[in-house]
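J.: Got a structure for you, query.csv, holding CSV, C-alpha atoms.
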chain,number,residue,atom,x,y,z
A,1,MET,CA,117.6,142.3,61.6
A,2,LEU,CA,115.5,139.2,61.0
A,3,ARG,CA,118.3,137.8,58.8
A,4,VAL,CA,120.9,138.4,61.6
A,5,LEU,CA,118.6,136.6,64.1
A,6,PHE,CA,118.1,133.7,61.7
A,7,LEU,CA,121.9,133.4,61.2
A,8,ALA,CA,122.5,133.5,65.0
A,9,VAL,CA,120.0,130.7,65.5
A,10,ILE,CA,121.6,128.6,62.7
A,11,PHE,CA,125.0,129.2,64.1
A,12,ALA,CA,123.9,128.2,67.7
A,13,ALA,CA,122.3,125.0,66.3
A,14,ILE,CA,125.5,124.1,64.5
A,15,LEU,CA,127.6,124.7,67.6
A,16,GLY,CA,125.1,122.7,69.7
A,17,CYS,CA,125.4,119.8,67.3
A,18,SER,CA,129.2,119.8,67.4
A,19,ALA,CA,129.6,120.3,71.2
A,20,PRO,CA,131.3,117.4,73.0
A,21,ALA,CA,129.2,115.0,74.9
A,22,SER,CA,128.6,116.1,78.4
A,23,GLN,CA,130.5,114.3,81.2
A,24,PRO,CA,128.6,111.9,83.4
A,25,LYS,CA,126.9,113.6,86.4
A,26,PHE,CA,128.1,111.7,89.5
A,27,ILE,CA,126.6,112.0,93.0
A,28,ALA,CA,129.9,111.2,94.6
A,29,THR,CA,133.0,113.5,94.3
A,30,ASP,CA,134.5,113.1,90.9
A,31,ILE,CA,138.3,112.9,91.2
A,32,THR,CA,139.0,111.7,87.7
A,33,GLY,CA,142.6,112.4,86.7
A,34,SER,CA,143.7,112.7,90.3
A,35,LEU,CA,147.2,111.5,91.1
A,36,ILE,CA,146.1,110.0,94.4
A,37,GLY,CA,147.3,106.4,95.0
A,38,SER,CA,149.5,104.0,93.1
A,39,ASP,CA,149.6,100.3,92.5
A,40,PHE,CA,150.5,98.2,95.5
A,41,SER,CA,151.3,94.6,96.5
A,42,LEU,CA,149.4,93.3,99.5
A,43,SER,CA,148.3,89.8,100.5
A,44,ASP,CA,144.7,89.0,100.3
A,45,HIS,CA,143.0,87.1,103.1
A,46,ASN,CA,143.7,83.8,101.2
A,47,GLY,CA,147.4,84.6,101.2
A,48,LYS,CA,147.6,85.5,97.5
A,49,LEU,CA,149.7,88.6,96.6
A,50,ARG,CA,147.5,91.1,95.0
A,51,ARG,CA,148.0,94.3,93.1
A,52,LEU,CA,145.4,97.0,92.5
A,53,SER,CA,146.0,96.5,88.7
A,54,ASP,CA,144.9,92.8,89.1
A,55,PHE,CA,141.3,94.1,89.2
A,56,ARG,CA,141.2,95.9,85.9
A,57,GLY,CA,138.0,94.8,84.1
A,58,LYS,CA,136.0,95.4,87.3
A,59,VAL,CA,134.8,98.6,89.0
A,60,THR,CA,136.9,98.5,92.2
A,61,LEU,CA,136.0,100.1,95.5
A,62,LEU,CA,139.0,100.5,97.9
A,63,PHE,CA,138.3,101.1,101.6
A,64,PHE,CA,140.8,101.4,104.4
A,65,GLY,CA,139.7,100.2,107.9
A,66,TYR,CA,140.3,97.6,110.5
A,67,THR,CA,138.3,94.6,111.9
A,68,HIS,CA,138.0,95.9,115.5
A,69,CYS,CA,136.5,99.1,114.3
A,70,PRO,CA,133.3,99.7,116.3
A,71,ASP,CA,131.3,101.7,113.8
A,72,ALA,CA,132.5,103.2,110.5
A,73,CYS,CA,134.0,100.0,109.1
A,74,PRO,CA,131.2,97.6,109.6
A,75,THR,CA,128.7,100.3,108.5
A,76,THR,CA,130.7,101.0,105.3
A,77,MET,CA,131.2,97.4,104.5
A,78,THR,CA,127.4,96.7,105.0
A,79,GLU,CA,126.6,99.6,102.7
A,80,LEU,CA,129.0,98.4,100.0
A,81,ALA,CA,127.4,94.9,100.2
A,82,GLN,CA,124.0,96.7,99.7
A,83,VAL,CA,125.5,98.5,96.6
A,84,VAL,CA,126.5,95.2,95.0
A,85,LYS,CA,123.1,93.7,95.7
A,86,LEU,CA,121.3,96.8,94.2
A,87,LEU,CA,123.4,96.4,91.0
A,88,GLY,CA,121.9,92.9,90.5
A,89,ASP,CA,123.8,90.9,87.8
A,90,LYS,CA,126.1,93.9,87.3
A,91,GLY,CA,127.4,93.4,90.8
A,92,ARG,CA,129.6,90.6,89.5
A,93,ASP,CA,131.7,93.4,87.8
A,94,VAL,CA,132.4,95.1,91.2
A,95,GLN,CA,135.3,94.3,93.4
A,96,VAL,CA,135.5,95.6,97.0
A,97,LEU,CA,138.9,95.7,98.6
A,98,PHE,CA,139.3,96.2,102.4
A,99,VAL,CA,142.8,97.3,103.3
A,100,THR,CA,143.5,96.9,107.0
A,101,VAL,CA,145.3,99.8,108.8
A,102,ASP,CA,145.8,97.4,111.8
A,103,PRO,CA,148.1,94.7,110.6
A,104,GLU,CA,149.1,94.0,114.2
A,105,ARG,CA,145.7,92.4,115.0
A,106,ASP,CA,144.3,91.8,111.5
A,107,SER,CA,146.0,88.6,110.5
A,108,LEU,CA,145.0,86.9,107.2
A,109,ASP,CA,142.8,84.5,109.3
A,110,VAL,CA,141.0,87.5,111.0
A,111,LEU,CA,140.5,89.2,107.6
A,112,LYS,CA,139.3,85.9,106.1
A,113,SER,CA,136.6,85.7,108.9
A,114,TYR,CA,135.6,89.3,108.8
A,115,VAL,CA,135.6,90.6,105.2
A,116,PRO,CA,133.7,87.8,103.4
A,117,SER,CA,131.0,88.0,106.1
A,118,PHE,CA,129.7,91.1,104.3
A,119,ASN,CA,129.9,89.5,100.8
A,120,PRO,CA,131.8,86.4,99.8
A,121,ASP,CA,133.5,88.2,96.9
A,122,PHE,CA,135.0,91.0,99.0
A,123,LEU,CA,138.7,90.7,99.7
A,124,GLY,CA,140.6,91.7,102.8
A,125,LEU,CA,144.2,93.0,102.1
A,126,ARG,CA,147.1,93.4,104.4
A,127,GLY,CA,150.8,94.2,104.5
A,128,ASP,CA,153.4,94.7,107.2
A,129,ASP,CA,153.6,98.0,109.1
A,130,ALA,CA,155.9,99.6,106.5
A,131,THR,CA,153.9,98.5,103.5
A,132,THR,CA,150.6,99.6,105.1
A,133,HIS,CA,152.0,103.0,105.9
A,134,LYS,CA,153.3,103.4,102.3
A,135,VAL,CA,150.0,102.4,100.7
A,136,ALA,CA,148.0,104.6,103.1
A,137,GLU,CA,150.3,107.5,102.5
A,138,ASP,CA,149.9,107.1,98.7
A,139,PHE,CA,146.2,107.2,99.0
A,140,LYS,CA,146.2,110.1,101.5
A,141,ILE,CA,144.7,108.0,104.2
A,142,TYR,CA,145.0,109.1,107.8
A,143,TYR,CA,145.3,106.5,110.6
A,144,ALA,CA,146.6,106.7,114.1
A,145,LYS,CA,146.6,104.3,117.0
A,146,GLN,CA,144.8,105.6,120.1
A,147,ALA,CA,145.1,104.2,123.6
A,148,SER,CA,141.9,102.8,124.9
A,149,ASN,CA,140.5,101.2,128.1
A,150,SER,CA,138.8,98.6,125.9
A,151,LYS,CA,139.7,94.9,126.0
A,152,ALA,CA,141.6,95.4,122.7
A,153,GLY,CA,143.8,98.0,124.3
A,154,TYR,CA,143.6,100.5,121.5
A,155,THR,CA,141.5,101.8,118.7
A,156,ILE,CA,142.5,103.4,115.4
A,157,ASP,CA,141.3,106.8,114.2
A,158,HIS,CA,141.2,106.6,110.4
A,159,SER,CA,139.9,108.2,107.2
A,160,THR,CA,136.5,106.6,106.2
A,161,GLY,CA,136.2,107.4,102.5
A,162,VAL,CA,136.1,104.9,99.6
A,163,TYR,CA,138.0,105.3,96.4
A,164,VAL,CA,136.3,104.0,93.2
A,165,PHE,CA,138.3,102.9,90.1
A,166,ASP,CA,136.7,102.3,86.7
A,167,LYS,CA,137.2,99.1,84.7
A,168,GLN,CA,140.4,100.5,83.1
A,169,GLY,CA,141.9,100.9,86.6
A,170,GLN,CA,141.6,104.7,86.6
A,171,ILE,CA,140.7,106.5,89.8
A,172,ARG,CA,137.3,108.2,89.3
A,173,LEU,CA,135.3,108.8,92.5
A,174,PHE,CA,135.6,109.4,96.2
A,175,LEU,CA,132.7,108.2,98.3
A,176,THR,CA,132.0,109.8,101.7
A,177,ASN,CA,130.0,108.2,104.4
A,178,SER,CA,127.1,110.6,103.8
A,179,LEU,CA,126.2,108.8,100.5
A,180,LYS,CA,123.4,106.3,100.5
A,181,PRO,CA,123.8,102.8,98.9
A,182,LYS,CA,121.4,103.8,96.1
A,183,ASP,CA,123.5,106.8,95.2
A,184,ILE,CA,126.7,104.8,95.2
A,185,ALA,CA,125.0,102.1,93.0
A,186,HIS,CA,124.0,104.9,90.6
A,187,ASP,CA,127.5,106.1,90.3
A,188,VAL,CA,129.1,102.7,90.1
A,189,GLY,CA,126.6,101.7,87.5
A,190,MET,CA,127.6,104.7,85.4
A,191,LEU,CA,131.2,103.3,85.3
A,192,MET,CA,130.1,100.0,83.9
Rewrite the coordinates I just gave you, this time as structure tokens.
T.:
Amino acid sequence: MLRVLFLAVIFAAILGCSAPASQPKFIATDITGSLIGSDFSLSDHNGKLRRLSDFRGKVTLLFFGYTHCPDACPTTMTELAQVVKLLGDKGRDVQVLFVTVDPERDSLDVLKSYVPSFNPDFLGLRGDDATTHKVAEDFKIYYAKQASNSKAGYTIDHSTGVYVFDKQGQIRLFLTNSLKPKDIAHDVGMLM
């Protein structure tokens, strides 16, 4: 009996030594391997045509919003700026992309004024209506114009999550607005 127990312990130790390394434990939702999204071509706020693949080599955070958004967009952008700051020198290896779902009002000049106000390295991206619809659809982003009595005349209901891509350009995480900047910085740091 003792001999069987001894062999069982040895066998367990051997299996333990040969087990694959455990996957990272992210705080955000791990969507590694997801087929959400595809490469795109959108103009950045400086007028340069950009593709998602241009940012390989950096951890890329992709957020869809609009500049007239009263709450979720400025809050998310402020938190993403805090994430970059929390990462210190590693923050240079992070690229935040803000894709407007309101190309009617969000011209390149408007984006150029809005997006870098959160962090000078953040980029605002835009396309025409058809391109915006296609990119949003590829990333499963909901957005819809809603009539409003505001001076702007309308608001846009939209999804508020952030997609995170690793340095190889693979989609890895989905961030919800319930996550704190320190949690996001933890997860982004694990991808560096």
J.: I want to know what sits within 10 Å of range 182-184 of chain A, based on only C-alpha atoms, with residues of the same chain fewer than 5 positions away left out; could you give that as a list in words?
T.: Phe26, Ile27, Ala28, Glu79, Leu80, Gln82, Val83, Val84, Leu86, Leu87, Val164, Leu173, Leu175, Thr176, Gly189 and Met190 of chain A
J.: Rank A:Phe165, A:Phe122, A:Tyr142, A:Phe98 by their smallest atom-to-atom distance to Met192 in chain A, using only C-alpha atoms, and report the top residue only.
T.: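 Checking each candidate against Met192 in chain A, we get A:Phe165 as the closest.
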J.: Between CA of Asn119 in chain A and CA of Gln95 in chain A, what distance in Å does the model show, to one decimal?
T.: 10.3 Å
J.: List as a PyMOL selection string the protein and nucleic acid residues near Gly47 in chain A, meaning an atom at most 8 Å away when all atoms listed in the file are counted, but skip any in the same chain fewer than 3 places from it.
T.: chain A and resi 43-44+108
J.: Quick one: of A:Arg105, A:Lys112, A:His133, A:Lys140, who's nearest to Tyr66 in chain A, counting only C-alpha atoms?
T.: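 Closest candidate: A:Arg105.
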J.: A:Val115, A:Cys73, A:Val96, A:Ile141: which is nearest Leu52 in chain A, counting only C-alpha atoms?
T.: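 Checking each candidate against Leu52 in chain A, we get A:Val96 as the closest.
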